[in-house]
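Trainee: What follows is a single structure, and I will ask about it in a moment.
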Amino acid sequence: MADKDSVEKYLENNPQFAKEYFDKKVRAEALTAAFNANLDIKDTASFKDVNSVQEAAIIFELVKELHKAGAVEESLHKVLQRVALITQADRLSYFVCRARNGTAELASFLFDVTPTSKYEANLVHPQTEIVFPLDMGVVGFTATSKKPQNVPDVSKNQKFSDFVDKQTGYKTKGMLTFPLVADKECLGVVMALNRIGADHFTAEDEALFHKYMNFAQVIALQHYTAYMFNVESRRSQVLLWSASKVFEELTDIERQFHKALYTVRTYLQCERYSVGLLDMTKEKEFYDEWPIKLGDVEPYKGPKTPDGREIIFYKIIDYLLEGKEEIKVIPGPPADHWALVSGLPTYVAENGFICNMMNVAADDYFTFQKEAVDETGFVIKNVLSLPIVNKKEEIVGIATFFNRKDGKPFDEYDEQITEALTQFLGWSVLNCDTYDKLNRMEWRKDIAQEMLMCQTRCTPAEMQSILNTKDKFDAEPEDCDQKEMYKLLRGNIPPADNVNGENLYSFAFSDFPVTEFDLIKAGIRMFFELGVVEKFKVPAETLTKWMYTVRKGYRAITYHNWRHGFNVGHTMFCLLQTGKLRKYYSDLDAFAMVAAAFCHDIDHRGTNNLYQTKQVFFSSNILSASPLARLHGSSIMERHHLEYSKTLMAEESLNIFCNLQKRQFENVQHLFDVCIIATDLALYFKKRTMFQNIVNATEPMADEKEATAYISNNAIRKEIIMAMMMTGCDLSAITKPWEVQSKVALMVAAEFWEQGDLERNVLEQQPIPMMDRNCAEQLPKMQCGFIDFVCSFVYKEFSRFHKEIQPMFDGLNNNRSHWNELAQVYEAKMKAIEDEKKRLEEEEARKAGGEAGKSKTCTIC
């Protein structure tokens, strides 16, 4: 046998053999001793003592790793390298346990670690992660059971899944797994594969593996504690600062969201985020539904929110937080805008889900842009999208966050922080809603006060001037028999064919010979002629009060006064009776249409809708925004006239529809909506094509009953015709005899000029020519343009529709010829002025040319 000296000498001369022998025979026993016993080196030359020294160095090295403040990945990588060396595992990997979209999953974190592998090669890039659910494989079972596993032969283990092997091409034979746990939560799983030099890991290998996992456990726990501290800190800061900002800004939801989100941007830890604000309109305007109900336009078939609203993003606020911070506001964003084109915001708005997506470029369901989305070069990698829900559980917007700053996917804690933020923003919408309601109440109060200051209802004395029950019956109206009052009222109002010589059944009726007081009586006469007073049991006292109050509701302005209101009501009466349009409508319809026509411009201020949107309202000598413009978003004056009319209906003593059934009354209110809103000329071009289609459809019908049924059996067609009738009534002054029309046109122009003066003097703006009294000589030309562009279509189509309405079209054409003559005179005058100006300029030029050819210093005789 070799003696001790010869063996030592051999080993000194063959260090590689000594190392291999040590690793194979002595290493496990030495490491066990290093953990279980105090280090006591008796003979520094012995293999066991030398191994203990190395083991102590390894442990000391790992202890130092625990004190490092760097990334957890590097510390875990070093632990895995040492464990791979000691356990003779072919490779180790660490899978982190996390949750996205409410589902727990495992993702590769450090992969294929060997004793000599580089950290950079083992660290898994977020875009190349291997991700699988917790119910898959031995690693998944380790995470759910929170118990370490030793699988000698994976082919005999039912829980084993070759999912990762297929991804990498590696062949797993045996494996060790160990869960890293914090309290009852699994943070991740360490996996060791394939024992080198053996078929499987032994019990001693497993024990050694478990002991070293204590270092990994401590490192993971430290990181988890620090990370959770960061999460809770961010969460509290987000809520604190967003709460501060949302209560600073109550005026509107856009400014509120913008302030809150911009303030907390540093705590969100993402590179970019956008907020898409949803249209909160649940019901369309009736005039927008007409084309759909008629089949001219396809109904909306796109996605809807859970509460049934069409998903329409009316504005996007885009926040770029990387590099130079930038905020973009995109009103009315197109469907192909980069923030919407993927379809994810629409999907979230439709379903109300939180969507957390990683590596979106590889996603097949949504169509994210794979290249840069804009000029900044920004590329989308990971996305977290959440609904912003208010207290009514309505989705008011979608917040989408892009690319976590550390490159990793958003996790469940990011979801929790952003969800807390979006929930708080959604609930804070209540502040804006409450503030808006308070403002609306204040505006309504201002309007009501203004109405009360300007208008008063019909007084008993004014009523007695028409319904003189005291003279006839020596009694108050409420004490008289209704039939007797009907008889008395009929006797006190003029007959329809002789209102100061004018006939109510004629389209050529002129109000000029009639006093305003007699126009009230003529208005009452029309309701009797319609046969609706007794049929619907309208009290004579109420009818008289209502008509007198409507007259007083019109202000004493140049054109849009009581006379105009009466003329519109009269034209509606004529279209129904003389124009034979009543056959399409019920008696209640006719009653409501004429009443609405009388009210259509009540409390008009002599200025149009555009003027109301400007800063033109005086209150206590202070210039402020018009409450009408603030209250009504569109058709400002028309909606005010409508509300005034409904205010009269709400007053019991003025409600001429007081004896109707509930459904009948609701129908009347709807007809008021249609008739009065239809007088907004901005809506005229929306309805003209629909009206023309009805005329085209009925014109070939030889059978009158067929044409009548085509319209009267379809509520939408009736409303379209009704709306166009209101336009025809409102413009009817253009069809009157020239003697009447020329005077009315000057009244209209005078009112326009008054508005133009306000624009010039109060707003310091140059009015358009139609409103500019300095352009008064252009009135004939403008009248011709107005007839051609607006009026001609209305009366041409009505004359096609019903030949009985031809007189209105003839009157229009006659007036146009007169205006054209005046326009030609003006044009001739302007041409003469231009010719004279040109002649003078040419003469001056000739003189200047002659003088230029002469010497200014000498003269040749």
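Letters A, B, ... mark the chains of the structure tokens in the order given; residue numbers begin at 1 per chain; ligand numbers begin at 1, in order shown.
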Which neighbours of Asp411 in chain A fall inside 7 Å, counting only C-alpha atoms, when residues of the same chain fewer than 6 positions from it are skipped, and could you give them as a tab-separated table (two decimals) with C-alpha atoms, in the first residue's frame?

Mentor:
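Writing done, so here's part_10.tsv:
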chain	number	residue	atom	x	y	z
A	98	ARG	CA	-47.61	36.24	-9.69
A	99	ALA	CA	-51.17	37.01	-10.75
A	100	ARG	CA	-52.66	38.88	-13.70

Trainee: Among range 383-598 of chain A, which ones does DSSP place in strand (DSSP E), written as a list of chain:residue names?

Mentor: A:Val383, A:Leu384, A:Ser385, A:Leu386, A:Pro387, A:Ile388, A:Val389, A:Ile395, A:Val396, A:Gly397, A:Ile398, A:Ala399, A:Thr400, A:Phe401, A:Phe402, A:Asn403, A:Arg404

Trainee: So that I have them on file, write out the residues from the current selection with N, CA, C and O atoms, as a PDB file, in the first residue's frame.

Mentor:
ATOM      1  N   VAL A 383     -49.510  46.094 -21.480  1.00  0.00           N
ATOM      2  CA  VAL A 383     -50.672  46.986 -21.362  1.00  0.00           C
ATOM      3  C   VAL A 383     -51.521  46.562 -20.171  1.00  0.00           C
ATOM      4  O   VAL A 383     -51.735  45.365 -19.935  1.00  0.00           O
ATOM      5  N   LEU A 384     -52.007  47.560 -19.442  1.00  0.00           N
ATOM      6  CA  LEU A 384     -52.974  47.346 -18.363  1.00  0.00           C
ATOM      7  C   LEU A 384     -54.117  48.327 -18.589  1.00  0.00           C
ATOM      8  O   LEU A 384     -53.909  49.530 -18.556  1.00  0.00           O
ATOM      9  N   SER A 385     -55.311  47.805 -18.837  1.00  0.00           N
ATOM     10  CA  SER A 385     -56.456  48.649 -19.165  1.00  0.00           C
ATOM     11  C   SER A 385     -57.588  48.390 -18.173  1.00  0.00           C
ATOM     12  O   SER A 385     -57.916  47.232 -17.882  1.00  0.00           O
ATOM     13  N   LEU A 386     -58.171  49.491 -17.653  1.00  0.00           N
ATOM     14  CA  LEU A 386     -59.213  49.375 -16.626  1.00  0.00           C
ATOM     15  C   LEU A 386     -60.371  50.322 -16.935  1.00  0.00           C
ATOM     16  O   LEU A 386     -60.163  51.417 -17.454  1.00  0.00           O
ATOM     17  N   PRO A 387     -61.585  49.922 -16.556  1.00  0.00           N
ATOM     18  CA  PRO A 387     -62.722  50.836 -16.703  1.00  0.00           C
ATOM     19  C   PRO A 387     -62.776  51.825 -15.538  1.00  0.00           C
ATOM     20  O   PRO A 387     -62.417  51.490 -14.413  1.00  0.00           O
ATOM     21  N   ILE A 388     -63.204  53.039 -15.825  1.00  0.00           N
ATOM     22  CA  ILE A 388     -63.476  54.037 -14.784  1.00  0.00           C
ATOM     23  C   ILE A 388     -64.994  54.047 -14.592  1.00  0.00           C
ATOM     24  O   ILE A 388     -65.738  54.410 -15.500  1.00  0.00           O
ATOM     25  N   VAL A 389     -65.431  53.622 -13.427  1.00  0.00           N
ATOM     26  CA  VAL A 389     -66.861  53.395 -13.175  1.00  0.00           C
ATOM     27  C   VAL A 389     -67.349  54.377 -12.118  1.00  0.00           C
ATOM     28  O   VAL A 389     -66.703  54.538 -11.065  1.00  0.00           O
ATOM     29  N   ILE A 395     -69.833  53.046 -16.871  1.00  0.00           N
ATOM     30  CA  ILE A 395     -68.449  53.230 -17.295  1.00  0.00           C
ATOM     31  C   ILE A 395     -68.332  54.586 -17.972  1.00  0.00           C
ATOM     32  O   ILE A 395     -68.936  54.821 -19.013  1.00  0.00           O
ATOM     33  N   VAL A 396     -67.562  55.479 -17.364  1.00  0.00           N
ATOM     34  CA  VAL A 396     -67.436  56.834 -17.895  1.00  0.00           C
ATOM     35  C   VAL A 396     -66.162  57.006 -18.718  1.00  0.00           C
ATOM     36  O   VAL A 396     -66.027  57.990 -19.452  1.00  0.00           O
ATOM     37  N   GLY A 397     -65.238  56.082 -18.597  1.00  0.00           N
ATOM     38  CA  GLY A 397     -64.004  56.177 -19.357  1.00  0.00           C
ATOM     39  C   GLY A 397     -63.157  54.938 -19.198  1.00  0.00           C
ATOM     40  O   GLY A 397     -63.473  54.037 -18.413  1.00  0.00           O
ATOM     41  N   ILE A 398     -62.078  54.879 -19.960  1.00  0.00           N
ATOM     42  CA  ILE A 398     -61.141  53.754 -19.915  1.00  0.00           C
ATOM     43  C   ILE A 398     -59.732  54.309 -19.703  1.00  0.00           C
ATOM     44  O   ILE A 398     -59.274  55.162 -20.466  1.00  0.00           O
ATOM     45  N   ALA A 399     -59.064  53.829 -18.651  1.00  0.00           N
ATOM     46  CA  ALA A 399     -57.669  54.208 -18.388  1.00  0.00           C
ATOM     47  C   ALA A 399     -56.767  53.063 -18.836  1.00  0.00           C
ATOM     48  O   ALA A 399     -56.966  51.918 -18.424  1.00  0.00           O
ATOM     49  N   THR A 400     -55.803  53.365 -19.682  1.00  0.00           N
ATOM     50  CA  THR A 400     -54.903  52.339 -20.212  1.00  0.00           C
ATOM     51  C   THR A 400     -53.465  52.752 -19.929  1.00  0.00           C
ATOM     52  O   THR A 400     -53.051  53.859 -20.274  1.00  0.00           O
ATOM     53  N   PHE A 401     -52.709  51.846 -19.297  1.00  0.00           N
ATOM     54  CA  PHE A 401     -51.324  52.118 -18.905  1.00  0.00           C
ATOM     55  C   PHE A 401     -50.410  51.246 -19.759  1.00  0.00           C
ATOM     56  O   PHE A 401     -50.654  50.047 -19.935  1.00  0.00           O
ATOM     57  N   PHE A 402     -49.313  51.827 -20.246  1.00  0.00           N
ATOM     58  CA  PHE A 402     -48.429  51.144 -21.175  1.00  0.00           C
ATOM     59  C   PHE A 402     -47.020  51.028 -20.586  1.00  0.00           C
ATOM     60  O   PHE A 402     -46.460  52.017 -20.091  1.00  0.00           O
ATOM     61  N   ASN A 403     -46.470  49.808 -20.648  1.00  0.00           N
ATOM     62  CA  ASN A 403     -45.045  49.549 -20.394  1.00  0.00           C
ATOM     63  C   ASN A 403     -44.588  49.957 -18.996  1.00  0.00           C
ATOM     64  O   ASN A 403     -44.272  51.127 -18.741  1.00  0.00           O
ATOM     65  N   ARG A 404     -44.560  48.975 -18.103  1.00  0.00           N
ATOM     66  CA  ARG A 404     -44.008  49.239 -16.777  1.00  0.00           C
ATOM     67  C   ARG A 404     -42.554  49.670 -16.924  1.00  0.00           C
ATOM     68  O   ARG A 404     -41.820  49.150 -17.772  1.00  0.00           O
TER      69      ARG A 404
END

Trainee: Run DSSP on the backbone of this structure and report the residues of range 750-782 of chain A it assigns to helix (DSSP H, G or I), as a VMD selection string.

Mentor: chain A and resid 750 to 761 769 to 771 773 to 782

Trainee: To one decimal in Å, tell me the separation between CA of Leu187 in chain A and CA of Ala226 in chain A.

Mentor: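 One can read the CA of Leu187 in chain A to CA of Ala226 in chain A distance as 13.3 Å.
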
Trainee: What is the distance, in Å and to one decimal place, between CA of Val297 in chain A and CA of Gln692 in chain A?

Mentor: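 These two atoms are separated by 15.7 Å.
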
Trainee: I'd like the contact shell of range 824-832 of chain A - 10 Å cut-off, only C-alpha atoms, skipping same-chain residues fewer than 5 positions apart - returned as a ChimeraX atom specification.

Mentor: /A:777-781,818-819,837-838

Trainee: Write a file of the selected residues as an mmCIF file, in the first residue's frame, keeping N, CA and C atoms.

Mentor:
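Output below, filename again.cif:
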data_model
loop_
_atom_site.group_PDB
_atom_site.id
_atom_site.type_symbol
_atom_site.label_atom_id
_atom_site.label_comp_id
_atom_site.auth_asym_id
_atom_site.auth_seq_id
_atom_site.Cartn_x
_atom_site.Cartn_y
_atom_site.Cartn_z
ATOM 1 N N GLU A 777 -77.968 97.909 -47.950
ATOM 2 C CA GLU A 777 -78.299 97.956 -49.380
ATOM 3 C C GLU A 777 -78.223 96.582 -50.028
ATOM 4 N N GLN A 778 -77.563 95.650 -49.366
ATOM 5 C CA GLN A 778 -77.468 94.293 -49.922
ATOM 6 C C GLN A 778 -78.659 93.416 -49.534
ATOM 7 N N LEU A 779 -79.646 93.989 -48.830
ATOM 8 C CA LEU A 779 -80.795 93.208 -48.371
ATOM 9 C C LEU A 779 -81.502 92.465 -49.505
ATOM 10 N N PRO A 780 -81.813 93.110 -50.645
ATOM 11 C CA PRO A 780 -82.485 92.367 -51.732
ATOM 12 C C PRO A 780 -81.678 91.153 -52.198
ATOM 13 N N LYS A 781 -80.386 91.344 -52.340
ATOM 14 C CA LYS A 781 -79.536 90.235 -52.778
ATOM 15 C C LYS A 781 -79.541 89.111 -51.747
ATOM 16 N N HIS A 818 -89.634 90.221 -57.167
ATOM 17 C CA HIS A 818 -89.535 91.602 -56.690
ATOM 18 C C HIS A 818 -88.174 91.872 -56.061
ATOM 19 N N TRP A 819 -87.710 90.937 -55.223
ATOM 20 C CA TRP A 819 -86.401 91.117 -54.593
ATOM 21 C C TRP A 819 -85.289 91.109 -55.646
ATOM 22 N N LYS A 837 -65.438 104.828 -60.900
ATOM 23 C CA LYS A 837 -64.174 104.732 -60.183
ATOM 24 C C LYS A 837 -63.048 104.310 -61.117
ATOM 25 N N LYS A 838 -63.356 103.351 -61.990
ATOM 26 C CA LYS A 838 -62.349 102.868 -62.934
ATOM 27 C C LYS A 838 -61.970 103.963 -63.924
#

Trainee: With only C-alpha atoms counted and 10 Å as the cut-off, give the residues of range 525-625 of chain A in contact with range 640-647 of chain A, each with its shortest interatomic distance in Å and the pair that gives it, as a Markdown table.

Mentor:
| residue | atom | partner | partner_atom | distance |
| --- | --- | --- | --- | --- |
| A:Val550 | CA | A:Ser645 | CA | 8.5 |
| A:Gly553 | CA | A:Tyr644 | CA | 8.7 |
| A:Ala595 | CA | A:Ser645 | CA | 9.3 |
| A:Ala596 | CA | A:Ser645 | CA | 7.8 |
| A:Phe598 | CA | A:Ser645 | CA | 9.6 |
| A:Cys599 | CA | A:Ser645 | CA | 6.2 |
| A:His600 | CA | A:His641 | CA | 6.0 |
| A:Asp601 | CA | A:His641 | CA | 5.7 |
| A:Ile602 | CA | A:His641 | CA | 5.4 |
| A:Asp603 | CA | A:His641 | CA | 6.7 |
| A:His604 | CA | A:His641 | CA | 7.5 |

Trainee: Just C-alpha atoms for this one: save the residues we selected as a PDB file, in the first residue's frame.

Mentor:
ATOM      1  CA  VAL A 550     -98.983  83.358 -24.493  1.00  0.00           C
ATOM      2  CA  GLY A 553     -95.057  85.810 -23.029  1.00  0.00           C
ATOM      3  CA  ALA A 595    -100.844  75.309 -29.750  1.00  0.00           C
ATOM      4  CA  ALA A 596     -97.132  74.568 -30.185  1.00  0.00           C
ATOM      5  CA  PHE A 598     -98.382  79.755 -31.117  1.00  0.00           C
ATOM      6  CA  CYS A 599     -95.705  79.102 -28.446  1.00  0.00           C
ATOM      7  CA  HIS A 600     -92.776  78.351 -30.724  1.00  0.00           C
ATOM      8  CA  ASP A 601     -90.900  81.660 -30.105  1.00  0.00           C
ATOM      9  CA  ILE A 602     -92.323  82.666 -26.733  1.00  0.00           C
ATOM     10  CA  ASP A 603     -89.944  84.839 -24.676  1.00  0.00           C
ATOM     11  CA  HIS A 604     -87.638  85.391 -27.647  1.00  0.00           C
TER      12      HIS A 604
END

Trainee: Point out the residue among A:Cys775, A:Arg663, A:Cys784, A:Phe509 with the least atom-to-atom distance to Met808 in chain A, counting only C-alpha atoms.

Mentor: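 Between A:Cys775, A:Arg663, A:Cys784, A:Phe509, the residue approaching Met808 in chain A most closely is A:Phe509.
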
Trainee: Rounded to one decimal place, report the CA of Leu575 in chain A-CA of Tyr684 in chain A distance in Å.

Mentor: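 Interatomic distance here is 18.4 Å.
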
Trainee: Would you pick out the contacts of Gly102 in chain A at 12 Å or less, using only C-alpha atoms, so that residues sharing its chain but fewer than 4 positions from it are not included, and give the list as a ChimeraX atom specification?

Mentor: /A:98,133,353-356,411-416

Trainee: Let me see the file: selected residues, N, CA, C and O atoms, as an mmCIF file, in the first residue's frame.

Mentor:
data_model
loop_
_atom_site.group_PDB
_atom_site.id
_atom_site.type_symbol
_atom_site.label_atom_id
_atom_site.label_comp_id
_atom_site.auth_asym_id
_atom_site.auth_seq_id
_atom_site.Cartn_x
_atom_site.Cartn_y
_atom_site.Cartn_z
ATOM 1 N N ARG A 98 -46.929 34.943 -9.624
ATOM 2 C CA ARG A 98 -47.607 36.236 -9.689
ATOM 3 C C ARG A 98 -49.038 36.023 -10.170
ATOM 4 O O ARG A 98 -49.448 34.888 -10.442
ATOM 5 N N PRO A 133 -49.881 28.308 -16.035
ATOM 6 C CA PRO A 133 -50.732 28.410 -14.841
ATOM 7 C C PRO A 133 -50.226 27.542 -13.699
ATOM 8 O O PRO A 133 -49.419 26.619 -13.893
ATOM 9 N N PHE A 353 -64.185 44.606 -17.830
ATOM 10 C CA PHE A 353 -63.125 43.808 -17.239
ATOM 11 C C PHE A 353 -61.831 44.614 -17.111
ATOM 12 O O PHE A 353 -61.605 45.575 -17.845
ATOM 13 N N ILE A 354 -60.969 44.176 -16.189
ATOM 14 C CA ILE A 354 -59.591 44.657 -16.155
ATOM 15 C C ILE A 354 -58.773 43.747 -17.061
ATOM 16 O O ILE A 354 -58.821 42.525 -16.924
ATOM 17 N N CYS A 355 -58.024 44.320 -17.994
ATOM 18 C CA CYS A 355 -57.221 43.522 -18.932
ATOM 19 C C CYS A 355 -55.748 43.853 -18.732
ATOM 20 O O CYS A 355 -55.320 44.990 -18.955
ATOM 21 N N ASN A 356 -54.990 42.865 -18.316
ATOM 22 C CA ASN A 356 -53.553 42.989 -18.100
ATOM 23 C C ASN A 356 -52.861 42.091 -19.110
ATOM 24 O O ASN A 356 -52.975 40.864 -19.042
ATOM 25 N N ASP A 411 -48.230 43.540 -12.710
ATOM 26 C CA ASP A 411 -48.666 42.424 -11.884
ATOM 27 C C ASP A 411 -49.950 42.777 -11.131
ATOM 28 O O ASP A 411 -50.546 43.835 -11.343
ATOM 29 N N GLU A 412 -50.352 41.872 -10.241
ATOM 30 C CA GLU A 412 -51.607 42.072 -9.527
ATOM 31 C C GLU A 412 -51.584 43.316 -8.648
ATOM 32 O O GLU A 412 -52.622 43.951 -8.428
ATOM 33 N N TYR A 413 -50.393 43.693 -8.168
ATOM 34 C CA TYR A 413 -50.313 44.880 -7.315
ATOM 35 C C TYR A 413 -50.451 46.151 -8.141
ATOM 36 O O TYR A 413 -51.030 47.147 -7.669
ATOM 37 N N ASP A 414 -49.922 46.130 -9.363
ATOM 38 C CA ASP A 414 -50.183 47.248 -10.275
ATOM 39 C C ASP A 414 -51.673 47.352 -10.577
ATOM 40 O O ASP A 414 -52.234 48.452 -10.652
ATOM 41 N N GLU A 415 -52.302 46.189 -10.755
ATOM 42 C CA GLU A 415 -53.742 46.188 -10.975
ATOM 43 C C GLU A 415 -54.479 46.799 -9.786
ATOM 44 O O GLU A 415 -55.414 47.594 -9.964
ATOM 45 N N GLN A 416 -54.037 46.435 -8.585
ATOM 46 C CA GLN A 416 -54.718 46.941 -7.389
ATOM 47 C C GLN A 416 -54.556 48.452 -7.248
ATOM 48 O O GLN A 416 -55.509 49.160 -6.914
#

Trainee: Can you tell me, as a PyMOL selection string, what residues are no more than 8 Å from Leu530 in chain A when counting only C-alpha atoms, ignoring any on the same chain fewer than 5 positions away?

Mentor: chain A and resi 587+590-591

Trainee: Write the residues of the selection above to a file with C-alpha atoms, as a PDB file, in the first residue's frame.

Mentor:
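Result file result-v5.pdb:
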ATOM      1  CA  ASP A 587    -107.811  65.936 -33.615  1.00  0.00           C
ATOM      2  CA  ALA A 590    -103.963  69.134 -34.650  1.00  0.00           C
ATOM      3  CA  PHE A 591    -104.763  70.702 -31.269  1.00  0.00           C
TER       4      PHE A 591
END

Trainee: Using only C-alpha atoms, which protein or nucleic acid residues come within 12 Å of Glu739 in chain A? Drop anything in the same chain fewer than 6 positions from it, and give the result as number ranges by chain.

Mentor: A: 508-510, 512, 733, 745-746, 811, 814-815, 818

Trainee: Would you put the residues from that selection into a file with all heavy atoms, as an mmCIF file, in the first residue's frame?

Mentor:
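Everything below was put into again_28.cif:
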data_model
loop_
_atom_site.group_PDB
_atom_site.id
_atom_site.type_symbol
_atom_site.label_atom_id
_atom_site.label_comp_id
_atom_site.auth_asym_id
_atom_site.auth_seq_id
_atom_site.Cartn_x
_atom_site.Cartn_y
_atom_site.Cartn_z
ATOM 1 N N ALA A 508 -102.875 84.064 -47.484
ATOM 2 C CA ALA A 508 -102.465 85.459 -47.668
ATOM 3 C C ALA A 508 -102.876 86.342 -46.492
ATOM 4 O O ALA A 508 -102.749 87.570 -46.557
ATOM 5 C CB ALA A 508 -103.061 86.005 -48.962
ATOM 6 N N PHE A 509 -103.372 85.737 -45.411
ATOM 7 C CA PHE A 509 -103.811 86.503 -44.243
ATOM 8 C C PHE A 509 -102.711 87.461 -43.787
ATOM 9 O O PHE A 509 -101.542 87.093 -43.687
ATOM 10 C CB PHE A 509 -104.175 85.546 -43.106
ATOM 11 C CG PHE A 509 -104.595 86.221 -41.828
ATOM 12 C CD1 PHE A 509 -105.936 86.481 -41.579
ATOM 13 C CD2 PHE A 509 -103.659 86.605 -40.880
ATOM 14 C CE1 PHE A 509 -106.323 87.109 -40.399
ATOM 15 C CE2 PHE A 509 -104.036 87.219 -39.693
ATOM 16 C CZ PHE A 509 -105.380 87.474 -39.461
ATOM 17 N N SER A 510 -103.102 88.712 -43.492
ATOM 18 C CA SER A 510 -102.172 89.722 -42.991
ATOM 19 C C SER A 510 -102.618 90.168 -41.610
ATOM 20 O O SER A 510 -103.794 90.473 -41.383
ATOM 21 C CB SER A 510 -102.115 90.931 -43.933
ATOM 22 O OG SER A 510 -101.350 91.973 -43.356
ATOM 23 N N PHE A 512 -101.439 92.887 -40.195
ATOM 24 C CA PHE A 512 -101.268 94.328 -40.061
ATOM 25 C C PHE A 512 -102.559 95.082 -39.761
ATOM 26 O O PHE A 512 -102.555 96.008 -38.936
ATOM 27 C CB PHE A 512 -100.589 94.910 -41.302
ATOM 28 C CG PHE A 512 -99.126 94.538 -41.402
ATOM 29 C CD1 PHE A 512 -98.558 94.188 -42.616
ATOM 30 C CD2 PHE A 512 -98.311 94.535 -40.284
ATOM 31 C CE1 PHE A 512 -97.228 93.843 -42.710
ATOM 32 C CE2 PHE A 512 -96.969 94.186 -40.369
ATOM 33 C CZ PHE A 512 -96.428 93.844 -41.582
ATOM 34 N N ALA A 733 -93.733 84.174 -43.726
ATOM 35 C CA ALA A 733 -93.790 85.590 -44.115
ATOM 36 C C ALA A 733 -93.216 85.806 -45.510
ATOM 37 O O ALA A 733 -93.613 86.736 -46.214
ATOM 38 C CB ALA A 733 -93.027 86.436 -43.102
ATOM 39 N N ALA A 745 -89.919 91.837 -44.115
ATOM 40 C CA ALA A 745 -88.487 91.667 -44.354
ATOM 41 C C ALA A 745 -87.685 92.788 -43.705
ATOM 42 O O ALA A 745 -86.599 92.556 -43.148
ATOM 43 C CB ALA A 745 -88.208 91.609 -45.848
ATOM 44 N N LEU A 746 -88.209 94.004 -43.750
ATOM 45 C CA LEU A 746 -87.520 95.123 -43.106
ATOM 46 C C LEU A 746 -87.525 94.968 -41.589
ATOM 47 O O LEU A 746 -86.561 95.339 -40.910
ATOM 48 C CB LEU A 746 -88.183 96.442 -43.513
ATOM 49 C CG LEU A 746 -87.980 96.855 -44.979
ATOM 50 C CD1 LEU A 746 -88.780 98.118 -45.282
ATOM 51 C CD2 LEU A 746 -86.506 97.078 -45.282
ATOM 52 N N GLY A 811 -96.609 82.647 -54.065
ATOM 53 C CA GLY A 811 -96.260 83.881 -53.359
ATOM 54 C C GLY A 811 -94.757 84.017 -53.164
ATOM 55 O O GLY A 811 -94.201 85.117 -53.282
ATOM 56 N N ASN A 814 -93.243 85.028 -56.520
ATOM 57 C CA ASN A 814 -93.567 86.415 -56.817
ATOM 58 C C ASN A 814 -92.666 87.362 -56.018
ATOM 59 O O ASN A 814 -92.132 88.341 -56.557
ATOM 60 C CB ASN A 814 -95.041 86.692 -56.497
ATOM 61 C CG ASN A 814 -95.419 88.128 -56.754
ATOM 62 O OD1 ASN A 814 -95.314 88.627 -57.879
ATOM 63 N ND2 ASN A 814 -95.864 88.816 -55.712
ATOM 64 N N ASN A 815 -92.480 87.042 -54.759
ATOM 65 C CA ASN A 815 -91.626 87.891 -53.925
ATOM 66 C C ASN A 815 -90.171 87.837 -54.369
ATOM 67 O O ASN A 815 -89.454 88.834 -54.314
ATOM 68 C CB ASN A 815 -91.736 87.473 -52.462
ATOM 69 C CG ASN A 815 -93.078 87.814 -51.863
ATOM 70 O OD1 ASN A 815 -93.704 88.794 -52.264
ATOM 71 N ND2 ASN A 815 -93.556 87.003 -50.918
ATOM 72 N N HIS A 818 -89.634 90.221 -57.167
ATOM 73 C CA HIS A 818 -89.535 91.602 -56.690
ATOM 74 C C HIS A 818 -88.174 91.872 -56.061
ATOM 75 O O HIS A 818 -87.552 92.919 -56.328
ATOM 76 C CB HIS A 818 -90.643 91.877 -55.667
ATOM 77 C CG HIS A 818 -91.995 92.106 -56.274
ATOM 78 N ND1 HIS A 818 -92.335 93.264 -56.948
ATOM 79 C CD2 HIS A 818 -93.111 91.331 -56.312
ATOM 80 C CE1 HIS A 818 -93.584 93.197 -57.373
ATOM 81 N NE2 HIS A 818 -94.088 92.009 -56.998
#

Trainee: Which of these residues is nearest to Met747 in chain A, using only C-alpha atoms: A:Phe163, A:Tyr559, A:Phe257, A:Phe366?

Mentor: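 Looking at the shortest contact to Met747 in chain A, the residue is A:Tyr559.
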
Trainee: From the options A:Met526, A:Met451, A:Gly343, A:Glu704, which residue's atoms come nearest to Arg555 in chain A, counting only C-alpha atoms?

Mentor: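 That would be A:Met451, the residue with the smallest distance to Arg555 in chain A.
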
Trainee: Quick one: residues within 12 Å of Glu476 in chain A, only C-alpha atoms counted, chain neighbours fewer than 5 positions away excluded, as a list in words?

Mentor: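 The residues satisfying every condition are Pro460, Ala461, Met463, Gln464, Leu467, Asn468, Thr469, Lys470, Asp471, Asp481, Gln482, Met485 and Glu541 of chain A.
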